[in-house]
file data-v6.pdb (PDB, C-alpha atoms)
ATOM      1  CA  MET A   1      43.074 -14.076  30.920
ATOM      2  CA  ASP A   2      44.478 -13.843  27.384
ATOM      3  CA  ALA A   3      42.384 -14.927  24.412
ATOM      4  CA  PHE A   4      44.903 -17.695  23.735
ATOM      5  CA  GLN A   5      47.013 -19.677  26.174
ATOM      6  CA  TYR A   6      49.060 -22.814  25.836
ATOM      7  CA  GLU A   7      51.058 -25.095  28.028
ATOM      8  CA  LEU A   8      53.609 -27.704  27.026
ATOM      9  CA  THR A   9      52.792 -30.763  29.112
ATOM     10  CA  SER A  10      55.359 -32.985  27.381
ATOM     11  CA  GLU A  11      57.450 -33.057  24.229
ATOM     12  CA  THR A  12      54.467 -34.472  22.373
ATOM     13  CA  THR A  13      51.497 -32.724  24.005
ATOM     14  CA  ILE A  14      50.381 -29.100  24.191
ATOM     15  CA  ASN A  15      47.216 -28.039  26.025
ATOM     16  CA  LEU A  16      45.502 -25.015  24.465
ATOM     17  CA  LYS A  17      42.864 -22.571  25.712
ATOM     18  CA  TYR A  18      41.192 -20.323  23.188
ATOM     19  CA  GLU A  19      38.519 -17.676  23.729
ATOM     20  CA  TYR A  20      35.706 -17.677  21.201
ATOM     21  CA  GLY A  21      32.481 -15.732  21.683
ATOM     22  CA  GLY A  22      33.362 -14.844  25.269
ATOM     23  CA  GLU A  23      33.912 -18.493  26.276
ATOM     24  CA  TYR A  24      37.148 -20.423  26.701
ATOM     25  CA  PHE A  25      37.558 -23.729  24.909
ATOM     26  CA  THR A  26      40.192 -26.345  25.642
ATOM     27  CA  PHE A  27      42.047 -28.309  22.997
ATOM     28  CA  SER A  28      44.894 -30.759  23.084
ATOM     29  CA  LEU A  29      47.518 -30.741  20.377
ATOM     30  CA  TYR A  30      49.436 -34.005  20.507
ATOM     31  CA  ARG A  31      51.864 -35.802  18.253
ATOM     32  CA  ASP A  32      51.336 -39.317  17.029
ATOM     33  CA  ASP A  33      53.256 -41.358  14.465
ATOM     34  CA  ARG A  34      51.659 -39.441  11.557
ATOM     35  CA  GLY A  35      52.073 -35.876  12.847
ATOM     36  CA  TRP A  36      50.200 -33.525  15.153
ATOM     37  CA  VAL A  37      46.510 -33.968  16.043
ATOM     38  CA  LEU A  38      44.195 -31.235  17.330
ATOM     39  CA  HIS A  39      41.420 -32.528  19.590
ATOM     40  CA  PRO A  40      38.721 -30.546  21.481
ATOM     41  CA  PHE A  41      37.884 -31.412  25.091
ATOM     42  CA  ASP A  42      34.845 -29.259  25.827
ATOM     43  CA  GLY A  43      31.475 -30.978  25.869
ATOM     44  CA  ILE A  44      29.822 -28.206  23.865
ATOM     45  CA  LEU A  45      32.336 -28.745  21.058
ATOM     46  CA  LEU A  46      32.130 -32.516  21.170
ATOM     47  CA  ARG A  47      28.317 -32.445  21.033
ATOM     48  CA  ASN A  48      28.118 -29.774  18.338
ATOM     49  CA  PRO A  49      30.408 -30.471  15.343
ATOM     50  CA  ALA A  50      29.392 -27.261  13.530
ATOM     51  CA  MET A  51      30.329 -25.126  16.545
ATOM     52  CA  CYS A  52      33.535 -27.102  16.973
ATOM     53  CA  SER A  53      34.461 -26.460  13.364
ATOM     54  CA  LEU A  54      33.841 -22.713  13.768
ATOM     55  CA  VAL A  55      36.015 -22.491  16.882
ATOM     56  CA  ALA A  56      38.800 -24.577  15.332
ATOM     57  CA  GLN A  57      38.740 -22.496  12.132
ATOM     58  CA  GLU A  58      39.141 -19.305  14.143
ATOM     59  CA  LEU A  59      41.888 -20.872  16.249
ATOM     60  CA  PHE A  60      43.916 -21.627  13.106
ATOM     61  CA  LYS A  61      43.499 -18.014  11.971
ATOM     62  CA  HIS A  62      44.540 -16.640  15.386
ATOM     63  CA  LYS A  63      48.009 -15.082  15.141
ATOM     64  CA  PRO A  64      49.205 -16.058  18.664
ATOM     65  CA  PHE A  65      48.348 -19.696  17.826
ATOM     66  CA  GLN A  66      50.328 -19.417  14.594
ATOM     67  CA  VAL A  67      53.275 -17.894  16.493
ATOM     68  CA  MET A  68      53.126 -20.712  19.076
ATOM     69  CA  LEU A  69      53.262 -23.271  16.263
ATOM     70  CA  ALA A  70      56.302 -21.506  14.788
ATOM     71  CA  LYS A  71      58.049 -21.371  18.179
ATOM     72  CA  GLU A  72      57.448 -25.083  18.717
ATOM     73  CA  GLY A  73      58.537 -25.978  15.181
ATOM     74  CA  ILE A  74      55.132 -27.334  14.169
ATOM     75  CA  LEU A  75      54.170 -26.913  10.516
ATOM     76  CA  PHE A  76      50.567 -26.319   9.492
ATOM     77  CA  THR A  77      50.909 -29.229   7.099
ATOM     78  CA  ASP A  78      51.750 -31.548  10.028
ATOM     79  CA  ILE A  79      48.412 -30.906  11.783
ATOM     80  CA  ARG A  80      45.360 -33.141  11.460
ATOM     81  CA  SER A  81      42.183 -32.661  13.385
ATOM     82  CA  THR A  82      39.493 -34.794  14.928
ATOM     83  CA  VAL A  83      37.188 -32.014  13.720
ATOM     84  CA  ASN A  84      36.110 -31.743  10.081
ATOM     85  CA  LEU A  85      37.905 -28.627   8.829
ATOM     86  CA  ASP A  86      37.621 -29.356   5.128
ATOM     87  CA  ASN A  87      35.897 -26.030   4.452
ATOM     88  CA  VAL A  88      38.614 -23.929   6.072
ATOM     89  CA  ASN A  89      40.459 -21.646   3.675
ATOM     90  CA  THR A  90      43.766 -21.906   5.495
ATOM     91  CA  PRO A  91      46.961 -23.752   4.667
ATOM     92  CA  VAL A  92      46.219 -26.340   7.352
ATOM     93  CA  ALA A  93      46.334 -29.948   6.240
ATOM     94  CA  ALA A  94      43.537 -30.863   8.596
ATOM     95  CA  ARG A  95      41.218 -33.734   7.977
ATOM     96  CA  ASN A  96      38.476 -35.439   9.855
ATOM     97  CA  GLU A  97      39.868 -38.442  11.718
ATOM     98  CA  ARG A  98      36.403 -40.001  11.659
ATOM     99  CA  GLU A  99      35.834 -39.716   7.923
ATOM    100  CA  SER A 100      35.772 -42.947   6.004
ATOM    101  CA  TYR A 101      38.760 -43.809   3.889
ATOM    102  CA  ASP A 102      38.543 -44.797   0.249
ATOM    103  CA  ASN A 103      39.238 -48.370   1.242
ATOM    104  CA  PRO A 104      39.272 -48.941   5.015
ATOM    105  CA  ALA A 105      40.347 -52.581   4.608
ATOM    106  CA  ASP A 106      43.577 -51.483   2.860
ATOM    107  CA  ASP A 107      44.329 -48.962   5.609
ATOM    108  CA  LEU A 108      43.719 -51.588   8.281
ATOM    109  CA  MET A 109      46.018 -54.079   6.565
ATOM    110  CA  GLU A 110      48.691 -51.399   6.109
ATOM    111  CA  PHE A 111      48.455 -50.529   9.782
ATOM    112  CA  VAL A 112      48.688 -54.178  10.853
ATOM    113  CA  GLN A 113      51.693 -54.790   8.600
ATOM    114  CA  GLN A 114      53.562 -51.674   9.736
ATOM    115  CA  HIS A 115      53.022 -51.910  13.497
ATOM    116  CA  SER A 116      53.721 -54.611  15.994
ATOM    117  CA  VAL A 117      51.255 -55.188  18.804
ATOM    118  CA  GLU A 118      53.930 -53.895  21.179
ATOM    119  CA  GLU A 119      54.071 -50.598  19.251
ATOM    120  CA  VAL A 120      50.296 -50.265  19.391
ATOM    121  CA  ILE A 121      50.327 -50.912  23.140
ATOM    122  CA  ASP A 122      53.150 -48.369  23.615
ATOM    123  CA  TYR A 123      51.183 -45.811  21.606
ATOM    124  CA  GLU A 124      48.025 -46.421  23.633
ATOM    125  CA  CYS A 125      50.067 -46.150  26.846
ATOM    126  CA  SER A 126      51.401 -42.771  25.747
ATOM    127  CA  LEU A 127      47.860 -41.542  25.051
ATOM    128  CA  VAL A 128      46.712 -42.668  28.506
ATOM    129  CA  GLU A 129      49.784 -41.052  30.101
ATOM    130  CA  ASN A 130      48.848 -37.776  28.394
ATOM    131  CA  ARG A 131      45.319 -38.002  29.799
ATOM    132  CA  ILE A 132      46.704 -38.689  33.300
ATOM    133  CA  SER A 133      48.935 -35.610  33.034
ATOM    134  CA  PHE A 134      46.012 -33.528  31.808
ATOM    135  CA  TYR A 135      43.745 -34.497  34.708
ATOM    136  CA  ARG A 136      46.542 -34.185  37.268
ATOM    137  CA  GLU A 137      47.015 -30.637  36.055
ATOM    138  CA  ILE A 138      43.301 -30.019  36.590
ATOM    139  CA  LEU A 139      43.641 -31.394  40.122
ATOM    140  CA  GLN A 140      46.565 -29.057  40.786
ATOM    141  CA  ARG A 141      44.600 -26.070  39.580
ATOM    142  CA  MET A 142      41.573 -27.106  41.624
ATOM    143  CA  PHE A 143      43.808 -27.424  44.684
ATOM    144  CA  MET A 144      45.266 -23.957  44.023
ATOM    145  CA  ASP A 145      41.667 -22.674  43.938
ATOM    146  CA  ASN A 146      41.177 -24.087  47.465
ATOM    147  CA  LEU A 147      39.289 -27.177  46.353
ATOM    148  CA  GLY A 148      40.519 -30.378  47.903
ATOM    149  CA  PRO A 149      39.709 -34.021  48.601
ATOM    150  CA  SER A 150      36.523 -33.053  50.450
ATOM    151  CA  ASP A 151      35.064 -31.414  47.309
ATOM    152  CA  PRO A 152      32.827 -33.768  45.241
ATOM    153  CA  GLU A 153      34.145 -32.464  41.900
ATOM    154  CA  PHE A 154      37.744 -32.857  43.081
ATOM    155  CA  GLN A 155      36.935 -36.444  44.075
ATOM    156  CA  LYS A 156      35.471 -37.172  40.637
ATOM    157  CA  VAL A 157      38.562 -35.853  38.885
ATOM    158  CA  GLN A 158      40.699 -37.950  41.263
ATOM    159  CA  ASP A 159      38.604 -40.964  40.273
ATOM    160  CA  ILE A 160      39.250 -40.205  36.596
ATOM    161  CA  VAL A 161      42.999 -40.155  37.302
ATOM    162  CA  ARG A 162      42.768 -43.459  39.197
ATOM    163  CA  ILE A 163      40.827 -45.080  36.357
ATOM    164  CA  TYR A 164      43.391 -43.936  33.803
ATOM    165  CA  GLU A 165      46.249 -45.093  36.068
ATOM    166  CA  HIS A 166      44.585 -48.499  36.413
ATOM    167  CA  SER A 167      44.126 -48.652  32.638
ATOM    168  CA  LEU A 168      47.771 -47.715  32.110
ATOM    169  CA  ASP A 169      48.869 -50.512  34.456
ATOM    170  CA  LYS A 170      46.709 -53.002  32.541
ATOM    171  CA  LEU A 171      47.950 -51.779  29.149
ATOM    172  CA  SER A 172      51.593 -51.780  30.263
ATOM    173  CA  SER A 173      51.294 -55.333  31.539
ATOM    174  CA  LEU A 174      50.348 -56.443  28.013
ATOM    175  CA  ASN A 175      53.912 -55.693  26.908
ATOM    176  CA  GLY A 176      55.286 -58.173  29.416
ATOM    177  CA  PRO A 177      58.516 -60.165  29.105
ATOM    178  CA  ASN A 178      56.846 -62.995  27.152
ATOM    179  CA  LEU A 179      56.320 -60.863  24.042
ATOM    180  CA  ASP A 180      59.006 -60.692  21.379
ATOM    181  CA  ALA A 181      60.029 -57.006  21.392
ATOM    182  CA  GLY A 182      62.010 -57.337  18.141
ATOM    183  CA  ARG A 183      59.019 -58.379  16.074
ATOM    184  CA  ARG A 184      57.645 -55.732  13.690
ATOM    185  CA  GLY A 185      54.374 -55.787  11.828
ATOM    186  CA  ARG A 186      51.516 -58.241  11.831
ATOM    187  CA  PHE A 187      49.963 -58.559  15.257
TER     188      PHE A 187
END
call {"tool": "encode", "arguments": {"input": "data-v6.pdb", "output": "structure tokens"}}
result
Amino acid sequence: MDAFQYELTSETTINLKYEYGGEYFTFSLYRDDRGWVLHPFDGILLRNPAMCSLVAQELFKHKPFQVMLAKEGILFTDIRSTVNLDNVNTPVAARNERESYDNPADDLMEFVQQHSVEEVIDYECSLVENRISFYREILQRMFMDNLGPSDPEFQKVQDIVRIYEHSLDKLSSLNGPNLDAGRRGRF
């Protein structure tokens, strides 16, 4: 297996695998209304922010990753991260999604004024659809490795897909015919 692999799962989502210290780590690079977001999916990275930052810093320095970004037309300046990369000496415009803003109330009001509830629901639906695709891909790979519905881990991943599908149905139903689709801003 190469030290870096990626797969385009949709026009707005790229799944990444990167080897660091002899281990492979999985990231998702997805586009939202403000640009591209890099998010880790491995438990070790989610539980250990310092380790996550190290792996992400090395990923941004990795030439095959940089080439992939160029091929896909993604600029470094368009990438944010859910990982704090403020200490990285690279041209990446990454920032911690969880950091507090100067004035969170202003950002909230700006968000509310610029997005209709229908847009928020559509955005959330697209995020859930990406997760469904991600876990379906895992199921396919498990099946190719001769794991099937009788395997307990396969069943758990199937359950995750079902839960996300149920959530998507519930979210989608919120944008029913009774809502005014032409309305913008202010929930």
call {"tool": "residues_around", "arguments": {"input": "data-v6.pdb", "residues": "His62 (chain A)", "least_positions_apart": "2", "cutoff": "12 Å", "atoms": "all atoms listed in the file", "output": "list in words"}}
result
Ala3, Phe4, Gln5, Tyr18, Glu19, Tyr20, Val55, Ala56, Gln57, Glu58, Leu59, Phe60, Pro64, Phe65, Gln66, Val67, Met68, Leu69 and Thr90 of chain A
call {"tool": "atom_distance", "arguments": {"input": "data-v6.pdb", "atom1": "CA of Gln114 (chain A)", "atom2": "CA of Leu168 (chain A)"}}
result
23.4 Å
call {"tool": "axis_aligned_box", "arguments": {"input": "data-v6.pdb", "around": "region 68-76 of chain A", "padding_each_side": "5 Å", "output": "JSON"}}
result
{"center_x": 54.6, "center_y": -24.0, "center_z": 14.3, "size_x": 18.0, "size_y": 16.6, "size_z": 19.6}
call {"tool": "atom_distance", "arguments": {"input": "data-v6.pdb", "atom1": "CA of Arg131 (chain A)", "atom2": "CA of Leu38 (chain A)"}}
result
14.2 Å
call {"tool": "resolve_selection", "arguments": {"input": "data-v6.pdb", "expression": "the PyMOL selection byres ((chain A and resi 34) around 10)", "output": "list in words"}}
result
Arg31, Asp32, Asp33, Gly35, Trp36, Val37, Asp78, Ile79 and Arg80 of chain A
call {"tool": "write_last_selection", "arguments": {"input": "data-v6.pdb", "atoms": "C-alpha atoms", "output": "short mmCIF file (atom, residue, chain, number, x, y, z; two decimals), keeping the file's coordinate frame"}}
result
data_model
loop_
_atom_site.label_atom_id
_atom_site.label_comp_id
_atom_site.auth_asym_id
_atom_site.auth_seq_id
_atom_site.Cartn_x
_atom_site.Cartn_y
_atom_site.Cartn_z
CA ARG A 31 51.86 -35.80 18.25
CA ASP A 32 51.34 -39.32 17.03
CA ASP A 33 53.26 -41.36 14.46
CA GLY A 35 52.07 -35.88 12.85
CA TRP A 36 50.20 -33.52 15.15
CA VAL A 37 46.51 -33.97 16.04
CA ASP A 78 51.75 -31.55 10.03
CA ILE A 79 48.41 -30.91 11.78
CA ARG A 80 45.36 -33.14 11.46
#
call {"tool": "residues_around", "arguments": {"input": "data-v6.pdb", "residues": "Met51 (chain A)", "least_positions_apart": "2", "cutoff": "12 Å", "atoms": "only C-alpha atoms", "output": "MDAnalysis selection string"}}
result
chainID A and resid 20:21 25 40 42:49 53:58 83:85
call {"tool": "write_last_selection", "arguments": {"input": "data-v6.pdb", "atoms": "C-alpha atoms", "output": "mmCIF file, in the frame of the given file"}}
result
data_model
loop_
_atom_site.group_PDB
_atom_site.id
_atom_site.type_symbol
_atom_site.label_atom_id
_atom_site.label_comp_id
_atom_site.auth_asym_id
_atom_site.auth_seq_id
_atom_site.Cartn_x
_atom_site.Cartn_y
_atom_site.Cartn_z
ATOM 1 C CA TYR A 20 35.706 -17.677 21.201
ATOM 2 C CA GLY A 21 32.481 -15.732 21.683
ATOM 3 C CA PHE A 25 37.558 -23.729 24.909
ATOM 4 C CA PRO A 40 38.721 -30.546 21.481
ATOM 5 C CA ASP A 42 34.845 -29.259 25.827
ATOM 6 C CA GLY A 43 31.475 -30.978 25.869
ATOM 7 C CA ILE A 44 29.822 -28.206 23.865
ATOM 8 C CA LEU A 45 32.336 -28.745 21.058
ATOM 9 C CA LEU A 46 32.130 -32.516 21.170
ATOM 10 C CA ARG A 47 28.317 -32.445 21.033
ATOM 11 C CA ASN A 48 28.118 -29.774 18.338
ATOM 12 C CA PRO A 49 30.408 -30.471 15.343
ATOM 13 C CA SER A 53 34.461 -26.460 13.364
ATOM 14 C CA LEU A 54 33.841 -22.713 13.768
ATOM 15 C CA VAL A 55 36.015 -22.491 16.882
ATOM 16 C CA ALA A 56 38.800 -24.577 15.332
ATOM 17 C CA GLN A 57 38.740 -22.496 12.132
ATOM 18 C CA GLU A 58 39.141 -19.305 14.143
ATOM 19 C CA VAL A 83 37.188 -32.014 13.720
ATOM 20 C CA ASN A 84 36.110 -31.743 10.081
ATOM 21 C CA LEU A 85 37.905 -28.627 8.829
#
call {"tool": "atom_distance", "arguments": {"input": "data-v6.pdb", "atom1": "CA of Glu72 (chain A)", "atom2": "CA of Glu137 (chain A)"}}
result
21.0 Å
call {"tool": "closest_residue", "arguments": {"input": "data-v6.pdb", "among": "A:Ile74, A:Met109, A:Met144, A:Leu16", "to": "Ser28 (chain A)", "atoms": "only C-alpha atoms"}}
result
A:Leu16
call {"tool": "resolve_selection", "arguments": {"input": "data-v6.pdb", "expression": "the PyMOL selection byres ((chain A and resi 130) around 9)", "output": "list in words"}}
result
Thr9, Ser10, Thr12, Thr13, Tyr30, Cys125, Ser126, Leu127, Val128, Glu129, Arg131, Ile132, Ser133, Phe134 and Tyr135 of chain A
call {"tool": "closest_residue", "arguments": {"input": "data-v6.pdb", "among": "A:Ser172, A:Glu23, A:Ala70, A:Leu139", "to": "Lys156 (chain A)", "atoms": "all atoms listed in the file"}}
result
A:Leu139
call {"tool": "residues_around", "arguments": {"input": "data-v6.pdb", "residues": "Asn15 (chain A)", "least_positions_apart": "4", "cutoff": "8 Å", "atoms": "all atoms listed in the file", "output": "number ranges by chain"}}
result
A: 6-9, 26-29
